[in-house]
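All remarks here apply to the structure that follows.
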Amino acid sequence: MSQYHTPTGGLPGQTQLLTDRAIFTDAYAVIPRGTMRDIVTSFLPGWTGMRMWVIARPMTGFAETFSQYIVELQPGGGSEHPETDPAAQGAVFVTAGQIVLTVDGVQTTLDPGGFAYLPAGSTWQIRNSGPEVAGFHWIRKIWQDAPGIDKPEAFFANERDIAPNAMPDTNGVWATTRFMGPDDLRHDMHVTVVTFEPGGVIPFLETHVMEHGLFVLEGKAVYRLNGDWVEVEAGDFMWLRAFCPQACYAGGPGRFRYLLYKDVNRHMPLGLAR
């Protein structure tokens, strides 16, 4: 049975030590679960019954290609116009409760593990249809067109219905559940769930062009990031700049799993946009 960590806010007591694992560098950032408290939430116009933690946003020295929110939605809460940028595509991944998405008039209910891809320019609405507080990730990126490439359509899935792809020569201890097909060039971002069985490892320092956002859904691990060793656990978020060296050991008694964003399938911009 899959588990998905969902922040609940709150505030630590006055006796708690300040020491934590939060770190922000030019190459990577770690935003640990303990920082996601009531006083660091954000709100958006046009929504009811919602608050969110912004864990990535485009800015100098941080995320360049995407934003990522963890949204907490009360029963009955939602929005008739959640996306205000017609150029922005979106991906939603549900970690708690139940939401109803209506995309271009078609309604779909998503439970934990549920995923939705929302094309740029689509008309969509969202509502918490259940009796419990719902939690979901909302990833946004400007879709980049390319010659001869059509815009992808909206689609819905649940990770439990997708067979994981085992990485070569790993005996299945490192696998990826893919929501977008790697050979579908219409998509300029991939959102996947990566799973390591206990003891699984990335056995080399990946150093490559994709920017990464990783939210730990389950378990714990030790990550090597740009020469530093950092411990991460369920509820932590990591941002990795393009070419930041990365590797990890899954160090807990159970599985280590994370929701992964990366930008793919497009030319590298040369100089300023023109």
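Residue numbering restarts at 1 for every chain of the structure tokens, chains are lettered A, B, ... in their displayed order, and ligands are numbered from 1 as they appear.
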Worksheet entry | helix (DSSP H, G or I) residues, from DSSP on the backbone, in segment 29-219 of chain A, as JSON, numbers by chain | {"A": [33, 34, 35, 38, 39, 40, 159, 160, 161]}
Those selected residues, please, written with all heavy atoms and delivered as a PDB file, in the first residue's frame.
ATOM      1  N   ARG A  33      10.531  18.966   5.993  1.00  0.00           N
ATOM      2  CA  ARG A  33       9.122  18.915   6.373  1.00  0.00           C
ATOM      3  C   ARG A  33       8.806  19.831   7.544  1.00  0.00           C
ATOM      4  O   ARG A  33       7.707  20.381   7.636  1.00  0.00           O
ATOM      5  CB  ARG A  33       8.716  17.479   6.705  1.00  0.00           C
ATOM      6  CG  ARG A  33       9.498  16.868   7.846  1.00  0.00           C
ATOM      7  CD  ARG A  33       9.277  15.378   8.014  1.00  0.00           C
ATOM      8  NE  ARG A  33       7.978  15.055   8.577  1.00  0.00           N
ATOM      9  CZ  ARG A  33       7.515  13.825   8.746  1.00  0.00           C
ATOM     10  NH1 ARG A  33       8.251  12.786   8.355  1.00  0.00           N
ATOM     11  NH2 ARG A  33       6.344  13.610   9.265  1.00  0.00           N
ATOM     12  N   GLY A  34       9.778  20.000   8.455  1.00  0.00           N
ATOM     13  CA  GLY A  34       9.537  20.798   9.642  1.00  0.00           C
ATOM     14  C   GLY A  34       9.361  22.279   9.373  1.00  0.00           C
ATOM     15  O   GLY A  34       8.935  23.018  10.270  1.00  0.00           O
ATOM     16  N   THR A  35       9.683  22.734   8.167  1.00  0.00           N
ATOM     17  CA  THR A  35       9.505  24.156   7.847  1.00  0.00           C
ATOM     18  C   THR A  35       8.100  24.467   7.340  1.00  0.00           C
ATOM     19  O   THR A  35       7.744  25.641   7.213  1.00  0.00           O
ATOM     20  CB  THR A  35      10.520  24.608   6.784  1.00  0.00           C
ATOM     21  OG1 THR A  35      10.215  23.961   5.531  1.00  0.00           O
ATOM     22  CG2 THR A  35      11.933  24.265   7.186  1.00  0.00           C
ATOM     23  N   ASP A  38       2.107  26.686   9.719  1.00  0.00           N
ATOM     24  CA  ASP A  38       0.997  27.586   9.414  1.00  0.00           C
ATOM     25  C   ASP A  38       1.472  28.948   8.936  1.00  0.00           C
ATOM     26  O   ASP A  38       0.862  29.554   8.045  1.00  0.00           O
ATOM     27  CB  ASP A  38       0.113  27.779  10.654  1.00  0.00           C
ATOM     28  CG  ASP A  38      -0.655  26.526  11.043  1.00  0.00           C
ATOM     29  OD1 ASP A  38      -0.639  25.552  10.264  1.00  0.00           O
ATOM     30  OD2 ASP A  38      -1.266  26.520  12.129  1.00  0.00           O
ATOM     31  N   ILE A  39       2.542  29.475   9.543  1.00  0.00           N
ATOM     32  CA  ILE A  39       2.932  30.851   9.270  1.00  0.00           C
ATOM     33  C   ILE A  39       3.670  31.025   7.948  1.00  0.00           C
ATOM     34  O   ILE A  39       4.004  32.153   7.577  1.00  0.00           O
ATOM     35  CB  ILE A  39       3.788  31.417  10.419  1.00  0.00           C
ATOM     36  CG1 ILE A  39       5.076  30.618  10.587  1.00  0.00           C
ATOM     37  CG2 ILE A  39       2.989  31.447  11.722  1.00  0.00           C
ATOM     38  CD1 ILE A  39       6.034  31.245  11.616  1.00  0.00           C
ATOM     39  N   VAL A  40       3.934  29.934   7.220  1.00  0.00           N
ATOM     40  CA  VAL A  40       4.598  30.061   5.921  1.00  0.00           C
ATOM     41  C   VAL A  40       3.684  29.637   4.776  1.00  0.00           C
ATOM     42  O   VAL A  40       4.152  29.340   3.682  1.00  0.00           O
ATOM     43  CB  VAL A  40       5.930  29.273   5.880  1.00  0.00           C
ATOM     44  CG1 VAL A  40       6.910  29.843   6.877  1.00  0.00           C
ATOM     45  CG2 VAL A  40       5.712  27.794   6.152  1.00  0.00           C
ATOM     46  N   GLU A 159      -1.129   6.247 -10.110  1.00  0.00           N
ATOM     47  CA  GLU A 159       0.142   5.517 -10.173  1.00  0.00           C
ATOM     48  C   GLU A 159      -0.011   4.031  -9.892  1.00  0.00           C
ATOM     49  O   GLU A 159       0.772   3.222 -10.386  1.00  0.00           O
ATOM     50  CB  GLU A 159       1.180   6.146  -9.238  1.00  0.00           C
ATOM     51  CG  GLU A 159       0.977   5.911  -7.783  1.00  0.00           C
ATOM     52  CD  GLU A 159       2.300   5.581  -7.077  1.00  0.00           C
ATOM     53  OE1 GLU A 159       3.220   5.036  -7.711  1.00  0.00           O
ATOM     54  OE2 GLU A 159       2.388   5.867  -5.885  1.00  0.00           O
ATOM     55  N   ARG A 160      -1.022   3.650  -9.113  1.00  0.00           N
ATOM     56  CA  ARG A 160      -1.189   2.228  -8.806  1.00  0.00           C
ATOM     57  C   ARG A 160      -1.578   1.424 -10.047  1.00  0.00           C
ATOM     58  O   ARG A 160      -1.451   0.192 -10.049  1.00  0.00           O
ATOM     59  CB  ARG A 160      -2.237   2.035  -7.714  1.00  0.00           C
ATOM     60  CG  ARG A 160      -3.643   2.448  -8.082  1.00  0.00           C
ATOM     61  CD  ARG A 160      -4.644   2.087  -6.997  1.00  0.00           C
ATOM     62  NE  ARG A 160      -5.984   2.561  -7.327  1.00  0.00           N
ATOM     63  CZ  ARG A 160      -6.531   3.676  -6.872  1.00  0.00           C
ATOM     64  NH1 ARG A 160      -5.841   4.449  -6.041  1.00  0.00           N
ATOM     65  NH2 ARG A 160      -7.748   4.034  -7.223  1.00  0.00           N
ATOM     66  N   ASP A 161      -2.049   2.098 -11.110  1.00  0.00           N
ATOM     67  CA  ASP A 161      -2.454   1.414 -12.340  1.00  0.00           C
ATOM     68  C   ASP A 161      -1.344   1.394 -13.391  1.00  0.00           C
ATOM     69  O   ASP A 161      -1.567   0.928 -14.514  1.00  0.00           O
ATOM     70  CB  ASP A 161      -3.692   2.096 -12.925  1.00  0.00           C
ATOM     71  CG  ASP A 161      -4.865   2.084 -11.962  1.00  0.00           C
ATOM     72  OD1 ASP A 161      -5.033   1.079 -11.252  1.00  0.00           O
ATOM     73  OD2 ASP A 161      -5.607   3.088 -11.920  1.00  0.00           O
TER      74      ASP A 161
END
Per residue of segment 10-57 of chain A within 12 Å of segment 208-221 of chain A, record the nearest atom pair and its distance in Å to one decimal, counting only C-alpha atoms, with rows in chain order and ascending residue number, as JSON lines.
{"residue": "A:Ala27", "atom": "CA", "partner": "A:Glu211", "partner_atom": "CA", "distance": 10.2}
{"residue": "A:Tyr28", "atom": "CA", "partner": "A:His212", "partner_atom": "CA", "distance": 9.4}
{"residue": "A:Ala29", "atom": "CA", "partner": "A:Gly213", "partner_atom": "CA", "distance": 9.7}
{"residue": "A:Val30", "atom": "CA", "partner": "A:Leu214", "partner_atom": "CA", "distance": 9.6}
{"residue": "A:Ile31", "atom": "CA", "partner": "A:Phe215", "partner_atom": "CA", "distance": 9.4}
{"residue": "A:Pro32", "atom": "CA", "partner": "A:Val216", "partner_atom": "CA", "distance": 9.7}
{"residue": "A:Arg33", "atom": "CA", "partner": "A:Val216", "partner_atom": "CA", "distance": 9.4}
{"residue": "A:Ile55", "atom": "CA", "partner": "A:Gly213", "partner_atom": "CA", "distance": 9.1}
{"residue": "A:Ala56", "atom": "CA", "partner": "A:Gly213", "partner_atom": "CA", "distance": 7.9}
{"residue": "A:Arg57", "atom": "CA", "partner": "A:Gly213", "partner_atom": "CA", "distance": 10.7}
Item to complete: Excluding Val193 of chain A and residues on its chain fewer than 6 positions from it, collect all residues at most 6 Å away from it, counting only C-alpha atoms, and give them as a ChimeraX atom specification.
Response: /A:176-177,258-259
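Residue nearest Phe156 of chain A within the list A:Gly113, A:Pro45, A:Pro203, A:Pro131: A:Gly113 [criterion: smallest interatomic distance, only C-alpha atoms].
Checking A:Phe204, A:Trp47, A:Trp239, A:Tyr261 one by one against Lys141 of chain A, counting only C-alpha atoms, you find the shortest gap at A:Tyr261.
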Fill in: Contact residues around segment 93-107 of chain A with only C-alpha atoms at 9 Å, ignoring same-chain residues under 2 positions, as a PyMOL selection string
chain A and resi 3-6+73+78+91+109-116+118+122-139+154+158+217+259
Worksheet item: A:Glu233, A:Arg266, A:Pro7, A:Val173: which is nearest Pro147 of chain A, counting only C-alpha atoms?
Response: A:Arg266
Worksheet entry | For atom CA of Thr19 of chain A and atom CA of Ile202 of chain A, the interatomic separation in Å (one decimal) | 28.4 Å
Discussion item. If DSSP is run on the backbone, what residues of segment 7-132 of chain A are strand (DSSP E or B)? A reply as a VMD selection string would be ideal.
Written reply: chain A and resid 23 to 24 28 to 31 42 47 to 56 67 to 79 88 to 96 99 to 103 106 to 110 114 to 118 124 to 128
Would you list the contacts of Asn171 of chain A as a CSV table (one decimal) with all heavy atoms, in the first residue's frame, taking every protein, DNA or RNA residue within 12 Å and counting only C-alpha atoms, but skipping same-chain residues closer than 5 positions in sequence?
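And here's result_37.csv as it stands now:
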chain,number,residue,atom,x,y,z
A,165,ASN,N,8.8,1.1,-14.3
A,165,ASN,CA,9.9,0.7,-15.2
A,165,ASN,C,11.2,0.6,-14.3
A,165,ASN,O,11.7,1.6,-13.8
A,165,ASN,CB,10.1,1.8,-16.2
A,165,ASN,CG,9.0,1.8,-17.2
A,165,ASN,OD1,9.0,1.1,-18.2
A,165,ASN,ND2,8.0,2.7,-17.0
A,166,ALA,N,11.7,-0.7,-14.2
A,166,ALA,CA,12.9,-0.9,-13.5
A,166,ALA,C,14.1,-0.3,-14.3
A,166,ALA,O,14.2,-0.5,-15.5
A,166,ALA,CB,13.1,-2.4,-13.2
A,196,PHE,N,12.8,3.5,-4.6
A,196,PHE,CA,13.9,2.7,-4.2
A,196,PHE,C,13.5,1.7,-3.1
A,196,PHE,O,13.0,2.1,-2.1
A,196,PHE,CB,15.1,3.5,-3.7
A,196,PHE,CG,15.8,4.4,-4.8
A,196,PHE,CD1,15.3,5.7,-5.0
A,196,PHE,CD2,16.9,3.9,-5.5
A,196,PHE,CE1,15.9,6.4,-6.0
A,196,PHE,CE2,17.5,4.6,-6.4
A,196,PHE,CZ,17.0,5.9,-6.7
A,197,GLU,N,13.8,0.5,-3.3
A,197,GLU,CA,13.6,-0.5,-2.3
A,197,GLU,C,14.8,-0.3,-1.3
A,197,GLU,O,15.8,0.3,-1.6
A,197,GLU,CB,13.7,-1.9,-2.8
A,197,GLU,CG,12.5,-2.2,-3.8
A,197,GLU,CD,11.1,-2.1,-3.2
A,197,GLU,OE1,11.0,-2.4,-2.0
A,197,GLU,OE2,10.2,-1.8,-3.9
A,199,GLY,N,18.0,-0.2,0.6
A,199,GLY,CA,19.3,-0.5,0.1
A,199,GLY,C,19.6,-0.1,-1.3
A,199,GLY,O,20.7,-0.1,-1.8
A,200,GLY,N,18.6,0.3,-2.0
A,200,GLY,CA,18.8,0.8,-3.4
A,200,GLY,C,19.6,2.0,-3.5
A,200,GLY,O,19.7,2.8,-2.5
A,201,VAL,N,20.3,2.2,-4.6
A,201,VAL,CA,21.2,3.3,-4.7
A,201,VAL,C,21.3,3.8,-6.1
A,201,VAL,O,21.1,3.1,-7.1
A,201,VAL,CB,22.6,2.8,-4.3
A,201,VAL,CG1,23.1,1.6,-5.1
A,201,VAL,CG2,23.7,3.9,-4.3
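The residue that comes closest to Asp85 of chain A, out of A:Tyr223, A:Val54, A:Gly121, A:Gln68 and on the basis of only C-alpha atoms, is A:Gly121.
The shortest atom-to-atom distance to Ile23 of chain A, with only C-alpha atoms taken into account, belongs to A:Leu240 out of A:Leu240, A:Cys248, A:Ser79, A:Arg51.
Close contacts of Met189 of chain A, defined as residues with an atom at most 7 Å away when counting only C-alpha atoms, with chain neighbours fewer than 2 positions off set aside, comprise His187, Val191, Lys262, Asp263 and Val264 of chain A.
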Let's have the selection written as a compact mmCIF listing (two decimals), in the first residue's frame, with all heavy atoms.
# COMPACT_ATOMS: atom_id res chain seq x y z
N HIS A 187 5.52 16.53 -24.75
CA HIS A 187 5.71 16.93 -23.35
C HIS A 187 7.11 17.51 -23.15
O HIS A 187 8.11 16.87 -23.49
CB HIS A 187 5.50 15.75 -22.42
CG HIS A 187 4.07 15.33 -22.32
ND1 HIS A 187 3.13 16.06 -21.63
CD2 HIS A 187 3.40 14.27 -22.84
CE1 HIS A 187 1.95 15.47 -21.72
NE2 HIS A 187 2.09 14.38 -22.45
N VAL A 191 6.77 14.29 -15.10
CA VAL A 191 6.46 14.12 -13.68
C VAL A 191 6.35 12.62 -13.45
O VAL A 191 5.58 11.93 -14.13
CB VAL A 191 5.16 14.84 -13.30
CG1 VAL A 191 4.85 14.62 -11.83
CG2 VAL A 191 5.25 16.33 -13.61
N LYS A 262 11.07 17.24 -13.87
CA LYS A 262 12.25 17.67 -14.63
C LYS A 262 11.81 18.19 -15.99
O LYS A 262 10.77 17.79 -16.54
CB LYS A 262 13.25 16.52 -14.78
CG LYS A 262 12.72 15.26 -15.44
CD LYS A 262 13.78 14.15 -15.37
CE LYS A 262 13.26 12.86 -15.98
NZ LYS A 262 14.25 11.77 -15.88
N ASP A 263 12.58 19.11 -16.55
CA ASP A 263 12.31 19.67 -17.87
C ASP A 263 13.04 18.85 -18.93
O ASP A 263 14.18 18.43 -18.73
CB ASP A 263 12.72 21.15 -17.93
CG ASP A 263 14.18 21.38 -17.54
OD1 ASP A 263 14.62 20.81 -16.52
OD2 ASP A 263 14.87 22.11 -18.25
N VAL A 264 12.36 18.60 -20.06
CA VAL A 264 12.89 17.66 -21.06
C VAL A 264 12.50 18.12 -22.47
O VAL A 264 11.66 19.00 -22.66
CB VAL A 264 12.33 16.23 -20.83
CG1 VAL A 264 12.78 15.66 -19.50
CG2 VAL A 264 10.80 16.22 -20.91
